[in-house]
file upload.txt (compact mmCIF, C-alpha atoms)
# COMPACT_ATOMS: atom_id res chain seq x y z
CA MET A 1 11.08 -7.80 -30.39
CA SER A 2 14.87 -7.53 -30.29
CA GLU A 3 17.04 -10.26 -28.89
CA ALA A 4 18.07 -8.00 -26.01
CA THR A 5 14.45 -7.32 -25.09
CA ARG A 6 13.67 -11.01 -25.30
CA LEU A 7 16.54 -11.84 -22.98
CA ALA A 8 15.56 -9.10 -20.55
CA ASP A 9 11.99 -10.41 -20.52
CA ALA A 10 13.15 -13.96 -19.96
CA THR A 11 15.15 -12.78 -16.94
CA THR A 12 12.45 -10.65 -15.36
CA SER A 13 9.58 -13.04 -16.07
CA LYS A 14 11.23 -15.63 -13.84
CA ASP A 15 11.52 -13.16 -11.00
CA PRO A 16 8.65 -13.82 -8.55
CA ALA A 17 8.50 -10.12 -7.69
CA VAL A 18 7.79 -9.30 -11.33
CA GLY A 19 5.45 -12.24 -11.93
CA LEU A 20 3.38 -11.52 -8.84
CA ALA A 21 3.30 -7.80 -9.62
CA ALA A 22 1.98 -8.72 -13.07
CA VAL A 23 -0.81 -10.78 -11.53
CA ALA A 24 -1.70 -7.95 -9.13
CA ALA A 25 -1.71 -5.42 -11.97
CA LEU A 26 -3.77 -7.78 -14.12
CA ARG A 27 -6.33 -8.16 -11.35
CA GLU A 28 -6.58 -4.40 -11.04
CA LEU A 29 -6.90 -4.06 -14.80
CA LEU A 30 -9.61 -6.71 -14.79
CA GLU A 31 -11.57 -4.82 -12.13
CA SER A 32 -11.30 -1.60 -14.11
CA LEU A 33 -12.41 -3.24 -17.34
CA GLU A 34 -15.27 -5.02 -15.62
CA ALA A 35 -16.59 -1.81 -14.05
CA LEU A 36 -16.25 -0.03 -17.39
CA GLN A 37 -18.02 -2.73 -19.39
CA VAL A 38 -20.78 -3.28 -16.83
CA ASP A 39 -21.50 0.46 -16.71
CA ASN A 40 -21.58 0.57 -20.49
CA ALA A 41 -23.93 -2.42 -20.69
CA ARG A 42 -26.28 -0.84 -18.14
CA GLU A 43 -26.28 2.43 -20.06
CA ARG A 44 -27.21 0.47 -23.17
CA GLY A 45 -30.13 -1.13 -21.39
CA TRP A 46 -28.75 -4.57 -20.58
CA SER A 47 -30.43 -6.26 -17.62
CA TRP A 48 -28.42 -7.57 -14.69
CA GLN A 49 -29.41 -11.04 -15.81
CA GLN A 50 -27.96 -10.49 -19.28
CA ILE A 51 -24.78 -8.97 -17.88
CA ALA A 52 -24.36 -11.84 -15.42
CA GLY A 53 -24.86 -14.34 -18.23
CA ALA A 54 -22.24 -12.67 -20.41
CA LEU A 55 -19.76 -12.55 -17.52
CA GLY A 56 -20.50 -16.14 -16.57
CA VAL A 57 -21.41 -15.32 -12.98
CA SER A 58 -24.64 -15.26 -11.01
CA LYS A 59 -27.02 -12.33 -11.23
CA GLN A 60 -26.68 -11.86 -7.46
CA ALA A 61 -22.91 -11.64 -7.71
CA VAL A 62 -22.87 -9.02 -10.44
CA HIS A 63 -25.64 -6.98 -8.84
CA LYS A 64 -23.96 -7.03 -5.45
CA LYS A 65 -20.70 -5.87 -6.97
CA HIS A 66 -21.92 -3.26 -9.43
CA GLY A 67 -25.52 -2.45 -8.67
CA GLY A 68 -27.64 -0.97 -5.95
CA GLY A 69 -26.48 2.64 -5.81
CA ARG A 70 -22.88 1.69 -5.40
CA ARG A 71 -21.97 3.83 -8.35
CA LEU A 72 -22.65 6.94 -6.30
CA LEU A 73 -20.38 5.77 -3.52
CA ARG A 74 -17.71 4.17 -5.61
CA ARG A 75 -15.53 7.20 -5.98
CA ARG A 76 -15.20 7.68 -2.25
CA GLU A 77 -14.36 4.12 -1.39
CA SER A 78 -10.75 3.24 -1.00
CA MET B 1 4.89 7.03 15.74
CA PHE B 2 6.89 9.72 13.91
CA GLU B 3 7.56 12.06 16.87
CA ARG B 4 11.08 10.85 17.40
CA PHE B 5 11.95 10.67 13.73
CA THR B 6 14.64 13.08 12.57
CA ARG B 7 13.87 15.39 9.69
CA ASP B 8 15.97 13.18 7.41
CA ALA B 9 14.09 10.07 8.46
CA ARG B 10 10.75 11.76 7.82
CA GLN B 11 12.00 12.89 4.43
CA ALA B 12 13.04 9.33 3.63
CA VAL B 13 9.52 8.11 4.45
CA THR B 14 8.01 10.91 2.35
CA ALA B 15 10.36 10.01 -0.51
CA ALA B 16 9.26 6.37 -0.14
CA GLN B 17 5.61 7.41 -0.47
CA ARG B 18 6.40 9.48 -3.53
CA ALA B 19 8.36 6.61 -5.09
CA ALA B 20 5.55 4.12 -4.51
CA ARG B 21 3.08 6.50 -6.13
CA GLU B 22 5.35 7.23 -9.08
CA LEU B 23 5.90 3.52 -9.65
CA GLY B 24 2.14 2.97 -9.69
CA HIS B 25 2.30 0.71 -6.65
CA ARG B 26 -0.78 0.56 -4.47
CA ARG B 27 1.12 -0.15 -1.28
CA LEU B 28 4.17 1.28 0.39
CA GLY B 29 6.50 -1.58 1.24
CA THR B 30 9.95 -2.00 2.71
CA GLU B 31 11.36 -1.77 -0.83
CA HIS B 32 10.10 1.80 -1.10
CA LEU B 33 11.54 2.63 2.32
CA LEU B 34 14.88 1.37 1.00
CA LEU B 35 14.61 3.65 -2.00
CA GLY B 36 13.66 6.60 0.20
CA ILE B 37 16.70 5.96 2.40
CA ALA B 38 19.00 5.44 -0.59
CA ALA B 39 17.97 8.84 -1.95
CA ALA B 40 19.20 10.64 1.19
CA ASP B 41 22.78 11.85 1.58
CA ASP B 42 23.82 10.39 4.89
CA ALA B 43 25.58 7.34 6.31
CA ALA B 44 22.59 5.09 5.58
CA ALA B 45 22.51 6.08 1.92
CA ALA B 46 26.31 5.84 1.68
CA THR B 47 26.24 2.34 3.16
CA LEU B 48 23.59 1.25 0.67
CA ALA B 49 25.51 2.79 -2.22
CA ALA B 50 28.78 1.17 -1.11
CA GLY B 51 26.96 -2.16 -1.12
CA GLY B 52 25.78 -1.59 -4.69
CA ALA B 53 22.28 -0.37 -3.87
CA THR B 54 22.40 3.13 -5.32
CA PRO B 55 19.07 4.96 -5.65
CA GLU B 56 19.28 4.66 -9.46
CA ARG B 57 19.87 0.92 -9.31
CA LEU B 58 17.11 0.34 -6.75
CA ARG B 59 14.68 2.48 -8.71
CA ALA B 60 15.41 0.53 -11.90
CA ILE B 61 14.89 -2.78 -10.10
CA LEU B 62 11.62 -1.64 -8.53
CA ALA B 63 10.45 -0.26 -11.88
CA ASP B 64 10.30 -3.86 -13.16
CA THR B 65 7.34 -4.39 -10.82
CA ALA B 66 5.49 -1.22 -11.85
CA PRO B 67 2.12 -2.27 -13.34
CA ALA B 68 2.94 -1.39 -16.95
CA GLU B 69 6.37 -3.06 -16.79
CA ALA B 70 5.13 -6.19 -15.02
CA LEU B 71 2.22 -6.58 -17.44
CA SER B 72 4.59 -6.10 -20.35
CA ALA B 73 6.71 -8.96 -18.99
CA ILE B 74 3.73 -11.31 -19.41
CA GLY B 75 2.81 -9.91 -22.81
CA ILE B 76 0.18 -7.30 -22.02
CA ASP B 77 0.53 -3.77 -23.32
CA LEU B 78 -1.22 -1.67 -20.69
CA GLU B 79 -0.93 1.51 -22.74
CA GLU B 80 -2.63 -0.19 -25.69
CA VAL B 81 -5.45 -1.42 -23.44
CA ARG B 82 -5.83 2.11 -22.09
CA ARG B 83 -5.76 3.60 -25.61
CA ARG B 84 -8.53 1.31 -26.78
CA ALA B 85 -10.65 1.88 -23.67
CA GLU B 86 -10.35 5.63 -24.16
CA ALA B 87 -11.07 5.38 -27.88
CA SER B 88 -14.37 3.69 -27.04
CA PHE B 89 -15.33 5.35 -23.78
CA GLY B 90 -13.45 8.63 -23.55
CA PRO B 91 -10.43 9.98 -21.64
CA GLY B 92 -9.73 8.39 -18.28
CA ALA B 93 -12.09 5.49 -19.06
CA LEU B 94 -9.97 2.89 -17.29
CA GLU B 95 -9.67 4.96 -14.14
CA ARG B 96 -13.25 6.19 -14.12
CA GLY B 97 -14.82 2.94 -13.01
CA ARG B 98 -12.39 2.49 -10.19
CA GLY B 99 -13.12 3.26 -6.60
CA ARG B 100 -9.84 4.94 -6.06
CA GLY B 101 -8.29 8.14 -7.30
CA GLY B 102 -4.70 8.15 -8.47
CA ASN B 103 -3.67 10.67 -5.83
CA ASP B 104 -4.27 8.56 -2.75
CA SER B 105 -1.23 7.91 -0.63
CA PRO B 106 -0.23 4.26 -0.92
CA ARG B 107 -0.93 2.39 2.29
CA PHE B 108 1.90 0.85 4.30
CA THR B 109 2.29 -2.91 4.10
CA PRO B 110 2.39 -4.66 7.49
CA GLU B 111 6.09 -5.29 6.90
CA ALA B 112 6.78 -1.61 6.28
CA LYS B 113 4.97 -0.72 9.51
CA LYS B 114 6.96 -3.39 11.26
CA ALA B 115 10.18 -1.89 9.87
CA LEU B 116 9.33 1.47 11.46
CA GLU B 117 8.56 -0.20 14.78
CA LEU B 118 11.83 -2.08 14.57
CA ALA B 119 13.61 1.21 13.79
CA LEU B 120 12.40 2.47 17.16
CA ARG B 121 13.63 -0.70 18.82
CA GLU B 122 17.02 -0.42 17.12
CA ALA B 123 17.30 3.16 18.38
CA LEU B 124 16.45 2.13 21.94
CA ALA B 125 18.93 -0.75 21.80
CA LEU B 126 21.65 1.66 20.66
CA GLY B 127 20.73 4.19 23.35
CA ASP B 128 19.66 6.84 20.82
CA ASP B 129 16.75 9.11 21.72
CA PHE B 130 15.91 9.80 18.09
CA ILE B 131 15.14 7.73 15.01
CA GLY B 132 17.31 8.56 12.03
CA THR B 133 17.44 7.06 8.55
CA GLU B 134 20.13 4.68 9.82
CA HIS B 135 17.72 3.23 12.37
CA VAL B 136 15.04 2.94 9.71
CA LEU B 137 17.46 1.05 7.47
CA LEU B 138 18.34 -1.27 10.36
CA GLY B 139 14.60 -1.75 10.90
CA VAL B 140 14.03 -2.60 7.24
CA LEU B 141 16.91 -5.07 7.26
CA ARG B 142 15.70 -6.58 10.52
CA THR B 143 12.29 -7.44 9.03
CA GLY B 144 13.95 -9.81 6.57
CA ASP B 145 11.08 -8.91 4.23
CA ARG B 146 11.58 -10.35 0.73
CA ALA B 147 10.21 -7.15 -0.75
CA ALA B 148 13.38 -5.37 0.44
CA VAL B 149 15.83 -8.27 0.47
CA ALA B 150 15.18 -9.31 -3.15
CA PRO B 151 15.95 -5.91 -4.70
CA LEU B 152 18.99 -5.55 -2.43
CA GLU B 153 20.31 -8.89 -3.58
CA ARG B 154 19.61 -8.05 -7.19
CA ALA B 155 21.62 -4.87 -6.69
CA GLY B 156 24.43 -7.03 -5.34
CA ALA B 157 24.08 -6.01 -1.70
CA ASP B 158 24.08 -8.44 1.20
CA PRO B 159 21.62 -7.48 3.98
CA ALA B 160 23.78 -8.86 6.80
CA ALA B 161 26.87 -7.09 5.46
CA LEU B 162 24.88 -3.86 5.17
CA ARG B 163 23.85 -4.08 8.80
CA ALA B 164 27.44 -4.67 9.89
CA ALA B 165 28.73 -1.81 7.72
CA LEU B 166 26.07 0.54 9.05
CA LEU B 167 26.92 -0.26 12.67
CA ALA B 168 30.63 0.10 11.90
CA ALA B 169 29.93 3.63 10.63
CA ARG B 170 28.25 4.80 13.85
CA ASP B 171 30.50 7.88 14.04
CA ARG B 172 29.09 9.13 10.74
CA TRP B 173 25.42 8.79 11.69
CA ARG B 174 23.61 12.08 11.55
CA ARG B 175 22.13 13.21 14.81
CA PRO B 176 19.30 15.69 15.18
CA ARG B 177 20.61 19.24 15.52
CA ARG B 178 18.64 20.30 18.54
CA ARG B 179 19.59 17.36 20.67
CA ARG B 180 23.23 16.83 19.84
CA ARG B 181 24.68 14.37 22.31
CA GLY B 182 28.18 14.39 23.71
CA ALA B 183 30.57 11.90 22.18
call {"tool": "encode", "arguments": {"input": "upload.txt", "output": "structure tokens"}}
result
Amino acid sequence: MSEATRLADATTSKDPAVGLAAVAALRELLESLEALQVDNARERGWSWQQIAGALGVSKQAVHKKHGGGRRLLRRRES
Amino acid sequence: MFERFTRDARQAVTAAQRAARELGHRRLGTEHLLLGIAAADDAAAATLAAGGATPERLRAILADTAPAEALSAIGIDLEEVRRRAEASFGPGALERGRGRGGNDSPRFTPEAKKALELALREALALGDDFIGTEHVLLGVLRTGDRAAVAPLERAGADPAALRAALLAARDRWRRPRRRRRGA
């Protein structure tokens, strides 16, 4: 990383607009990765219980979020 | 809501929507309205430019909050994450699991809606029977929303001074062609 880039980063990383945008983008990225990995695990035969355990959440939580026919509807939700 | 908007004002809102989408923002805020107005070629845009808020400058400032840029500022390379996801799971892997297509129009933030309502109020207060980009800019400034104020200040523009300059340039405001009013 060049000195100029480092300085630019130091400036923008203190800007709340940039920091908060990073958190929002990270949350969105997290949701995308979670959906991707949960789908992959299901396709590979993982149970909801196993997926929940790996994610460190309850089985109910992961099933409510990713299971139960939601995959068919997911594309249309906004 | 948009019936009384001039063609220019509608174009500014459309440009704001386009800008929000291009920047990868999920919501259309007052900062995008600013950019849409700045990209016009009327008194509102001229006032913004004179204050330092040219469309190029505003766009560069807003680009810092685009997802890839913002994530890069905290040390995450979004393109690399996407590359790896696609290497494992195929093209579009990151977007596939999401509930939302990339083509949706970003939704207005409450502040952006408020700015448009305030634009109407500014027009009424000035006795104008139309809402031009100038009224929309007054509306945006009137909200005091940080989303618009912060980029303006970073561009070196003072919101209160912008308002004063805009009102001082009343004779250069563009009026709708069909309903030209007497001086």
call {"tool": "atom_distance", "arguments": {"input": "upload.txt", "atom1": "CA of Leu141 in chain B", "atom2": "CA of Asp42 in chain B"}}
result
17.1 Å
call {"tool": "atom_distance", "arguments": {"input": "upload.txt", "atom1": "CA of Arg107 in chain B", "atom2": "CA of Leu28 in chain B"}}
result
5.6 Å
call {"tool": "residues_around", "arguments": {"input": "upload.txt", "residues": "range 144-154 of chain B", "least_positions_apart": "5", "cutoff": "9 Å", "atoms": "all atoms listed in the file", "output": "VMD selection string"}}
result
(chain A and resid 17) or (chain B and resid 29 to 34 48 51 to 53 58 61 to 62 111 to 112 159)
call {"tool": "residues_around", "arguments": {"input": "upload.txt", "residues": "range 44-48 of chain A", "least_positions_apart": "4", "cutoff": "7 Å", "atoms": "all atoms listed in the file", "output": "VMD selection string"}}
result
chain A and resid 40 52 59 63
call {"tool": "closest_atom_pairs", "arguments": {"input": "upload.txt", "of": "chain B", "to": "chain A", "cutoff": "12 Å", "atoms": "all atoms listed in the file", "output": "tab-separated table"}}
result
residue	atom	partner	partner_atom	distance
B:Leu23	CA	A:Ala21	CA	11.6
B:Gly24	CA	A:Ala25	CA	9.5
B:His25	CA	A:Ala25	CA	9.1
B:Arg26	CA	A:Ala25	CA	9.6
B:Arg27	CA	A:Ala24	CA	11.4
B:Glu31	CA	A:Ala17	CA	11.2
B:Ile61	CA	A:Val18	CA	9.7
B:Leu62	CA	A:Val18	CA	9.0
B:Ala63	CA	A:Val18	CA	9.4
B:Asp64	CA	A:Val18	CA	6.3
B:Thr65	CA	A:Val18	CA	5.0
B:Ala66	CA	A:Ala21	CA	7.3
B:Pro67	CA	A:Ala25	CA	5.1
B:Ala68	CA	A:Ala25	CA	7.9
B:Glu69	CA	A:Ala22	CA	8.1
B:Ala70	CA	A:Ala22	CA	4.5
B:Leu71	CA	A:Ala22	CA	4.9
B:Ser72	CA	A:Ala22	CA	8.2
B:Ala73	CA	A:Asp9	CA	5.7
B:Ile74	CA	A:Ser13	CA	7.0
B:Gly75	CA	A:Asp9	CA	9.5
B:Ile76	CA	A:Leu26	CA	8.8
B:Asp77	CA	A:Leu26	CA	10.9
B:Leu78	CA	A:Leu29	CA	8.5
B:Glu79	CA	A:Leu29	CA	11.4
B:Val81	CA	A:Leu29	CA	9.1
B:Arg82	CA	A:Leu29	CA	9.6
B:Arg84	CA	A:Leu33	CA	11.2
B:Ala85	CA	A:Leu33	CA	8.3
B:Glu86	CA	A:Leu36	CA	10.6
B:Ser88	CA	A:Asn40	CA	10.2
B:Phe89	CA	A:Leu36	CA	8.4
B:Gly90	CA	A:Leu36	CA	11.0
B:Gly92	CA	A:Leu36	CA	10.7
B:Ala93	CA	A:Leu36	CA	7.1
B:Leu94	CA	A:Ser32	CA	5.7
B:Glu95	CA	A:Ser32	CA	6.8
B:Arg96	CA	A:Leu36	CA	7.6
B:Gly97	CA	A:Ala35	CA	5.2
B:Arg98	CA	A:Ser32	CA	5.8
B:Gly99	CA	A:Arg75	CA	4.7
B:Arg100	CA	A:Ser78	CA	5.4
B:Gly101	CA	A:Arg75	CA	7.4
B:Gly102	CA	A:Ser78	CA	10.8
B:Asn103	CA	A:Ser78	CA	11.3
B:Asp104	CA	A:Ser78	CA	8.6
B:Ser105	CA	A:Ser78	CA	10.6
B:Pro106	CA	A:Ser78	CA	10.6
B:Arg107	CA	A:Ser78	CA	10.4
B:Arg146	CA	A:Ala17	CA	9.0
B:Ala147	CA	A:Ala17	CA	7.7
B:Ala148	CA	A:Ala17	CA	10.6
B:Val149	CA	A:Ala17	CA	11.1
B:Ala150	CA	A:Ala17	CA	8.1
B:Pro151	CA	A:Ala17	CA	9.1
B:Arg154	CA	A:Asp15	CA	10.3
call {"tool": "write_last_selection", "arguments": {"input": "upload.txt", "atoms": "C-alpha atoms", "output": "mmCIF file, in the frame of the given file"}}
result
data_model
loop_
_atom_site.group_PDB
_atom_site.id
_atom_site.type_symbol
_atom_site.label_atom_id
_atom_site.label_comp_id
_atom_site.auth_asym_id
_atom_site.auth_seq_id
_atom_site.Cartn_x
_atom_site.Cartn_y
_atom_site.Cartn_z
ATOM 1 C CA LEU B 23 5.900 3.520 -9.650
ATOM 2 C CA GLY B 24 2.140 2.970 -9.690
ATOM 3 C CA HIS B 25 2.300 0.710 -6.650
ATOM 4 C CA ARG B 26 -0.780 0.560 -4.470
ATOM 5 C CA ARG B 27 1.120 -0.150 -1.280
ATOM 6 C CA GLU B 31 11.360 -1.770 -0.830
ATOM 7 C CA ILE B 61 14.890 -2.780 -10.100
ATOM 8 C CA LEU B 62 11.620 -1.640 -8.530
ATOM 9 C CA ALA B 63 10.450 -0.260 -11.880
ATOM 10 C CA ASP B 64 10.300 -3.860 -13.160
ATOM 11 C CA THR B 65 7.340 -4.390 -10.820
ATOM 12 C CA ALA B 66 5.490 -1.220 -11.850
ATOM 13 C CA PRO B 67 2.120 -2.270 -13.340
ATOM 14 C CA ALA B 68 2.940 -1.390 -16.950
ATOM 15 C CA GLU B 69 6.370 -3.060 -16.790
ATOM 16 C CA ALA B 70 5.130 -6.190 -15.020
ATOM 17 C CA LEU B 71 2.220 -6.580 -17.440
ATOM 18 C CA SER B 72 4.590 -6.100 -20.350
ATOM 19 C CA ALA B 73 6.710 -8.960 -18.990
ATOM 20 C CA ILE B 74 3.730 -11.310 -19.410
ATOM 21 C CA GLY B 75 2.810 -9.910 -22.810
ATOM 22 C CA ILE B 76 0.180 -7.300 -22.020
ATOM 23 C CA ASP B 77 0.530 -3.770 -23.320
ATOM 24 C CA LEU B 78 -1.220 -1.670 -20.690
ATOM 25 C CA GLU B 79 -0.930 1.510 -22.740
ATOM 26 C CA VAL B 81 -5.450 -1.420 -23.440
ATOM 27 C CA ARG B 82 -5.830 2.110 -22.090
ATOM 28 C CA ARG B 84 -8.530 1.310 -26.780
ATOM 29 C CA ALA B 85 -10.650 1.880 -23.670
ATOM 30 C CA GLU B 86 -10.350 5.630 -24.160
ATOM 31 C CA SER B 88 -14.370 3.690 -27.040
ATOM 32 C CA PHE B 89 -15.330 5.350 -23.780
ATOM 33 C CA GLY B 90 -13.450 8.630 -23.550
ATOM 34 C CA GLY B 92 -9.730 8.390 -18.280
ATOM 35 C CA ALA B 93 -12.090 5.490 -19.060
ATOM 36 C CA LEU B 94 -9.970 2.890 -17.290
ATOM 37 C CA GLU B 95 -9.670 4.960 -14.140
ATOM 38 C CA ARG B 96 -13.250 6.190 -14.120
ATOM 39 C CA GLY B 97 -14.820 2.940 -13.010
ATOM 40 C CA ARG B 98 -12.390 2.490 -10.190
ATOM 41 C CA GLY B 99 -13.120 3.260 -6.600
ATOM 42 C CA ARG B 100 -9.840 4.940 -6.060
ATOM 43 C CA GLY B 101 -8.290 8.140 -7.300
ATOM 44 C CA GLY B 102 -4.700 8.150 -8.470
ATOM 45 C CA ASN B 103 -3.670 10.670 -5.830
ATOM 46 C CA ASP B 104 -4.270 8.560 -2.750
ATOM 47 C CA SER B 105 -1.230 7.910 -0.630
ATOM 48 C CA PRO B 106 -0.230 4.260 -0.920
ATOM 49 C CA ARG B 107 -0.930 2.390 2.290
ATOM 50 C CA ARG B 146 11.580 -10.350 0.730
ATOM 51 C CA ALA B 147 10.210 -7.150 -0.750
ATOM 52 C CA ALA B 148 13.380 -5.370 0.440
ATOM 53 C CA VAL B 149 15.830 -8.270 0.470
ATOM 54 C CA ALA B 150 15.180 -9.310 -3.150
ATOM 55 C CA PRO B 151 15.950 -5.910 -4.700
ATOM 56 C CA ARG B 154 19.610 -8.050 -7.190
#
call {"tool": "atom_distance", "arguments": {"input": "upload.txt", "atom1": "CA of Leu35 in chain B", "atom2": "CA of Leu162 in chain B"}}
result
14.6 Å
call {"tool": "residues_near_point", "arguments": {"input": "upload.txt", "point": "(21.1, 1.2, 8.4)", "cutoff": "6 Å", "atoms": "only C-alpha atoms", "output": "PyMOL selection string"}}
result
chain B and resi 44+134-135+137-138+163+166
call {"tool": "closest_residue", "arguments": {"input": "upload.txt", "among": "B:Lys113, B:Arg57, B:Arg10, B:Arg83", "to": "Ala40 in chain B", "atoms": "all atoms listed in the file"}}
result
B:Arg10
